[in-house]
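Just below is one structure, and these are the notes that go with it.
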Amino acid sequence: MSARRLVGLETEYGIIRPSMPKANSTVLSAQIVDGYAQLVRDSDSATRAARWDYADESPLNDARGHSVSREEAHPSQLTDSEPTLEAENQVWTAESIALDGNDARVGATLYQENDTTDVVMNMVLGNGARLYVDHAHPEYSGPEVTSPRDAVLWDQAGDQVMRRAAASAASLGSGELLLYKNNTDNKSVSYGSHENYLIPRDVEFSRLVDGLTAFFVTRQIFCGAGRVGRGMLGRGAEFQISQRADFFEAEVGLETTVNRPIINTRDEPHANWDKYRRLHVIIGDANLGQISTLLRVGTTNLVLSLIEAGMSPKLELADPVSALQQISHDPTLQASVALRGGRRMTAIEIQRSYLEAAETYCAQREVTDPDTTEILNRWRAILDTLEQDPMQAAGQVDWIAKYSLMKSFTERHNVGLDDPRIALMDLQWADLRLDKGLYYRIAARGLMETIFSQEEINAAVDNPPHDTRAYLRGMTLQRYAPYVVAANWDALSFSVPGARKINRFHMPEPLTGSRAQVGELFDAQLEINEFIDQLARHR
Amino acid sequence: MTQENFSARRENQAQPVETEQVQVNTTGTSAGVDDLLDEIDSVLESNAEEFVRGFIQKGGQ
């Protein structure tokens with residue numbers, strides 16, 4: 001039991017080209033990925049990349065023990081095949097590759113010498129992350145990390161990757177592309193920022209549902225990103241805590257794009273299936289603030305540990321979807337929601353039940369690692385502050401920082417939240433440009449607590465975490481990219497001069513491939529054949 | 001310039017150092033927001049209504 005666990009964060013970014021408002025967003029997203037690919041191609045060192053390998057993807061497996069057929073699935077659920085820019089766009093044709101076992105084509109890397117018209121839709125980066133076009137958004141899926149702090153660091157690195165990609169795309173002639181780390185256009189559409197948590201397979205899924213629902217419904221009070229408007233259409237000019245709350249319609253389900261569920265059942269561990277499940281969390285808001293992200297991941301890790309230990313509070317909401325929205329719609333945090341049986345609790349009270357259960361468990365078992373201690377301390381501190389006066393948490397919590405800025409604006413100009421500039425502030429809060437994004441303008445004035453400097457974030461753009469298989473993936477791409485024909489979460493495929501077959505190295509254990517285990521291979525500066533031989537001995 | 005009140009230096013991917021109690025620049029808060037509001041017209045995109053109307057996304061996950 002601790003706040004440490006294998007975690008990966010993914011973000012779909014909003015994207016527009018202001019000079020061409022009707023531009024196809026899939027094309028714009030591809031320009032972002034291609035822009036980054038160009039940067040990588042032009043650089044000698046780190047930031048190497050390879051094609052994504054779809055062989056191990058299975059998005060239609062349901063954690064409840066069945067699968068959806070491809071015919072029944074919503075088209076957007078078919079995330080295991082390479083998206084292509086449709087011919088109707090008449091812009092590019094992107095080669096579609098779905099690598100399977102030894103079928104990978106030699107020469108399909110980014111590094112082939114001959115000029116091609118391929119547009120890169122999907123790549124693996126030298127820091128172990130994946131950068132690709134997901135539906136109509138550019139997405140960064142961070143490398144696997146083991147602590148909440150590292151989750152924050154490589155999530156922030158993703159924002160920096162996107163900034164660099166947008167600058168590179170502009171220099172290649174795409175025009176100015178603006179990226180937003182938010183979750184809705186306020187015109188019916190939402191896009192996600194997902195969290196992935198590794199869990200032992202023997203934890204029954206029903207226990208996760210029972211233990212997590214009330215927690216997920218209420219954690220928004222310290223990690224919501226704030227939004228003006230109600231419902232999927234963003235009607236009215238009232239402030240609410242969460243970007244995502246009004247887009248959820250179900251308690252449990254497999255879908256992620258329609259009829260969104262509080263608990264998503266996609267069962268695709270990207271690891272040894274018999275040992276692990278990957279809890280795919282779709283309910284979170286994308287956070288620019290480092291502390292909101294830290295709390296989101298750290299507290300979720302602790303609650304998962306409570307569930308595994310059978311010590312999660314028994315809190316059953318009468319109507320979880322409605323409770324999610326009631327809480328989001330009340331920035332005073334006074335709203336109480338009904339539990340089954342009629343009792344009512346506020347979001348703060350529900351969070352306190354989880355916190356106290358975690359504190360009790362950690363005290364009993366003498367869990368004192370620094371990550372757990374930090375998360376417990378911060379969790380208690382933020383709930384205390386929110387209870388006294390939510391606005392006092394403006395330096396830590398994204399929605400409160402945004403709300404506080406908007407309130408100051410309306411007071412100064414004597415206008416209401418229906419002023420058009422408030423809607424713009426809501427959007428521009430999440431603009432990734434450091435000189436335009438309102439989050440960054442506030443942070444630049446020292447008003448947002450941070451735990452990582454821009455220098456540390458930049459280092460995480462180029463380098464993988466040390467303690468997971470992301471280290472092996474990222475370092476392999478940094479050193480041996482020309483020989484990597486494909487890579488995904490749990491495999492690397494090499495094509496070596498002289499060898500007829502593709503050499504595929506599986507990584508079903510997410511904690512193997514760490515610096516402690518394979519660092520010496522990279523320190524030894526081996527030739528590729530020697531590297532693959534030595535690596536095989538680490539299987 | 002980002003103020004790093006609580007920056008725990010990452011040392012070789014090691015554990016974070018003990019975090020001191022969280023307090024962010026509360027004394028400067030309203031002054032800092034005022035300062036930003038002074039320049040907000042130059043930071044915000046011009047023609048707010050039109051810009052927001054033009055932000056149209058396709059569905060995502």
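Each chain in the structure tokens gets a letter, A, B, ..., in the order shown, and its residues are numbered from 1; ligands are numbered from 1 in order too.
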Q: Would you mind listing what lies within 10 Å of Tyr471 (chain A) as number ranges by chain, with only C-alpha atoms counted and same-chain residues fewer than 2 positions away left out?
A: A: 126-128, 143-145, 463-469, 473-477, 511-519
| request: Name all residues at most 12 Å from Glu50 (chain B) (count only C-alpha atoms; drop same-chain ones fewer than 3 positions away) and give them as a VMD selection string. | output: (chain A and resid 18 21 420 to 421 423 to 424) or (chain B and resid 45 to 47 53 to 56)
Would you kindly return, as JSON, numbers by chain, each protein, DNA or RNA residue with an atom no farther than 10 Å from any atom of Asp398 (chain A), considering only C-alpha atoms and excluding same-chain residues fewer than 5 positions away?
{"A": [221, 222, 223, 224, 225, 226, 241, 242, 285, 286, 287, 288, 289, 290, 291, 292, 293, 393, 403, 404, 429, 439, 448]}
Could the residues of chain A that have an atom at most 8 Å from chain B be listed as JSON lines, each with its closest atom pair and the distance in Å to one decimal, counting only C-alpha atoms and ordered by chain and ascending residue number?
{"residue": "A:Glu12", "atom": "CA", "partner": "B:Gly60", "partner_atom": "CA", "distance": 7.6}
{"residue": "A:Gly14", "atom": "CA", "partner": "B:Gln57", "partner_atom": "CA", "distance": 6.8}
{"residue": "A:Ile15", "atom": "CA", "partner": "B:Gln57", "partner_atom": "CA", "distance": 7.3}
{"residue": "A:Ile16", "atom": "CA", "partner": "B:Phe55", "partner_atom": "CA", "distance": 6.7}
{"residue": "A:Pro18", "atom": "CA", "partner": "B:Gly54", "partner_atom": "CA", "distance": 7.8}
{"residue": "A:Pro21", "atom": "CA", "partner": "B:Gly54", "partner_atom": "CA", "distance": 6.1}
{"residue": "A:Ser25", "atom": "CA", "partner": "B:Lys58", "partner_atom": "CA", "distance": 7.1}
{"residue": "A:Asp134", "atom": "CA", "partner": "B:Gly60", "partner_atom": "CA", "distance": 7.6}
{"residue": "A:His135", "atom": "CA", "partner": "B:Gly60", "partner_atom": "CA", "distance": 6.2}
{"residue": "A:Ala136", "atom": "CA", "partner": "B:Lys58", "partner_atom": "CA", "distance": 5.9}
{"residue": "A:His137", "atom": "CA", "partner": "B:Gly60", "partner_atom": "CA", "distance": 7.1}
{"residue": "A:Arg149", "atom": "CA", "partner": "B:Pro16", "partner_atom": "CA", "distance": 7.9}
{"residue": "A:Thr184", "atom": "CA", "partner": "B:Gln57", "partner_atom": "CA", "distance": 7.8}
{"residue": "A:Asp185", "atom": "CA", "partner": "B:Ile56", "partner_atom": "CA", "distance": 5.8}
{"residue": "A:Lys187", "atom": "CA", "partner": "B:Ile56", "partner_atom": "CA", "distance": 7.1}
{"residue": "A:Val189", "atom": "CA", "partner": "B:Gly59", "partner_atom": "CA", "distance": 5.3}
{"residue": "A:Ser190", "atom": "CA", "partner": "B:Gly59", "partner_atom": "CA", "distance": 6.0}
{"residue": "A:Tyr191", "atom": "CA", "partner": "B:Gly60", "partner_atom": "CA", "distance": 4.0}
{"residue": "A:Gly192", "atom": "CA", "partner": "B:Gln61", "partner_atom": "CA", "distance": 5.1}
{"residue": "A:Thr256", "atom": "CA", "partner": "B:Gln61", "partner_atom": "CA", "distance": 4.9}
{"residue": "A:Thr257", "atom": "CA", "partner": "B:Gln61", "partner_atom": "CA", "distance": 4.4}
{"residue": "A:Ile282", "atom": "CA", "partner": "B:Gln61", "partner_atom": "CA", "distance": 7.9}
{"residue": "A:Pro370", "atom": "CA", "partner": "B:Glu18", "partner_atom": "CA", "distance": 6.5}
{"residue": "A:Asp371", "atom": "CA", "partner": "B:Pro16", "partner_atom": "CA", "distance": 7.1}
{"residue": "A:Glu374", "atom": "CA", "partner": "B:Thr19", "partner_atom": "CA", "distance": 6.5}
{"residue": "A:Arg378", "atom": "CA", "partner": "B:Val22", "partner_atom": "CA", "distance": 7.6}
{"residue": "A:Gly395", "atom": "CA", "partner": "B:Val24", "partner_atom": "CA", "distance": 6.0}
{"residue": "A:Leu405", "atom": "CA", "partner": "B:Val33", "partner_atom": "CA", "distance": 6.6}
{"residue": "A:Ser408", "atom": "CA", "partner": "B:Val33", "partner_atom": "CA", "distance": 7.5}
{"residue": "A:Phe409", "atom": "CA", "partner": "B:Leu37", "partner_atom": "CA", "distance": 6.8}
{"residue": "A:Pro420", "atom": "CA", "partner": "B:Glu49", "partner_atom": "CA", "distance": 5.5}
{"residue": "A:Arg421", "atom": "CA", "partner": "B:Ala48", "partner_atom": "CA", "distance": 5.5}
{"residue": "A:Ala423", "atom": "CA", "partner": "B:Val52", "partner_atom": "CA", "distance": 6.9}
{"residue": "A:Leu424", "atom": "CA", "partner": "B:Ala48", "partner_atom": "CA", "distance": 5.6}
{"residue": "A:Met425", "atom": "CA", "partner": "B:Leu44", "partner_atom": "CA", "distance": 7.4}
{"residue": "A:Leu427", "atom": "CA", "partner": "B:Val52", "partner_atom": "CA", "distance": 7.4}
{"residue": "A:Gln428", "atom": "CA", "partner": "B:Leu44", "partner_atom": "CA", "distance": 7.4}
{"residue": "A:Asp435", "atom": "CA", "partner": "B:Val43", "partner_atom": "CA", "distance": 7.6}
{"residue": "A:Lys436", "atom": "CA", "partner": "B:Val43", "partner_atom": "CA", "distance": 5.7}
{"residue": "A:Arg441", "atom": "CA", "partner": "B:Leu36", "partner_atom": "CA", "distance": 7.3}
{"residue": "A:Ile442", "atom": "CA", "partner": "B:Val33", "partner_atom": "CA", "distance": 7.2}
{"residue": "A:Ala443", "atom": "CA", "partner": "B:Thr2", "partner_atom": "CA", "distance": 5.8}
{"residue": "A:Ala444", "atom": "CA", "partner": "B:Thr2", "partner_atom": "CA", "distance": 4.5}
{"residue": "A:Arg445", "atom": "CA", "partner": "B:Gly32", "partner_atom": "CA", "distance": 6.1}
{"residue": "A:Gly446", "atom": "CA", "partner": "B:Gln3", "partner_atom": "CA", "distance": 4.5}
{"residue": "A:Leu447", "atom": "CA", "partner": "B:Thr29", "partner_atom": "CA", "distance": 6.2}
{"residue": "A:Met448", "atom": "CA", "partner": "B:Val24", "partner_atom": "CA", "distance": 7.0}
{"residue": "A:Glu449", "atom": "CA", "partner": "B:Val24", "partner_atom": "CA", "distance": 5.8}
{"residue": "A:Thr450", "atom": "CA", "partner": "B:Glu4", "partner_atom": "CA", "distance": 5.8}
{"residue": "A:Ile451", "atom": "CA", "partner": "B:Ser7", "partner_atom": "CA", "distance": 4.6}
{"residue": "A:Phe452", "atom": "CA", "partner": "B:Ser7", "partner_atom": "CA", "distance": 6.0}
{"residue": "A:Ser453", "atom": "CA", "partner": "B:Glu4", "partner_atom": "CA", "distance": 7.0}
{"residue": "A:Pro465", "atom": "CA", "partner": "B:Gln13", "partner_atom": "CA", "distance": 7.5}
{"residue": "A:His466", "atom": "CA", "partner": "B:Gln13", "partner_atom": "CA", "distance": 6.8}
- CA of Tyr197 (chain A) to CA of Ile32 (chain A): how many Å, to one decimal?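 Computing the Euclidean distance for CA of Tyr197 (chain A) and CA of Ile32 (chain A) yields 27.4 Å.
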> Hey, what does DSSP flag as alpha helix (DSSP H) within region 392-423 of chain A? Can you give it to me as an MDAnalysis selection string?
Replying inline: chainID A and resid 398:413 420:423
With C-alpha atoms retained, could you export that selection as a short mmCIF file (atom, residue, chain, number, x, y, z; two decimals), in the first residue's frame?
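What follows is the written file result29.cif:
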data_model
loop_
_atom_site.label_atom_id
_atom_site.label_comp_id
_atom_site.auth_asym_id
_atom_site.auth_seq_id
_atom_site.Cartn_x
_atom_site.Cartn_y
_atom_site.Cartn_z
CA ASP A 398 -6.70 24.50 -11.42
CA TRP A 399 -10.42 25.26 -11.31
CA ILE A 400 -9.98 27.63 -8.40
CA ALA A 401 -7.11 29.47 -10.04
CA LYS A 402 -9.23 29.93 -13.16
CA TYR A 403 -12.34 30.93 -11.20
CA SER A 404 -10.37 33.39 -9.10
CA LEU A 405 -9.00 35.11 -12.22
CA MET A 406 -12.45 35.33 -13.76
CA LYS A 407 -13.97 36.73 -10.57
CA SER A 408 -11.29 39.41 -10.35
CA PHE A 409 -11.93 40.27 -13.99
CA THR A 410 -15.69 40.60 -13.56
CA GLU A 411 -15.22 42.74 -10.45
CA ARG A 412 -12.77 45.06 -12.13
CA HIS A 413 -14.87 45.56 -15.26
CA PRO A 420 -17.73 37.30 -24.04
CA ARG A 421 -14.23 37.78 -22.66
CA ILE A 422 -15.01 35.30 -19.88
CA ALA A 423 -15.74 32.57 -22.43
#
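Taking only region 284-356 of chain A, the residues that DSSP calls strand (DSSP E or B) from the backbone come to Leu317, Ser336, Val337, Ala338, Leu339, Arg344, Met345 and Thr346 of chain A.
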Restricting to only C-alpha atoms, whichever of A:Glu349, A:Asp418, A:Asp42, A:Glu10 is closest to Trp154 (chain A) is A:Glu10
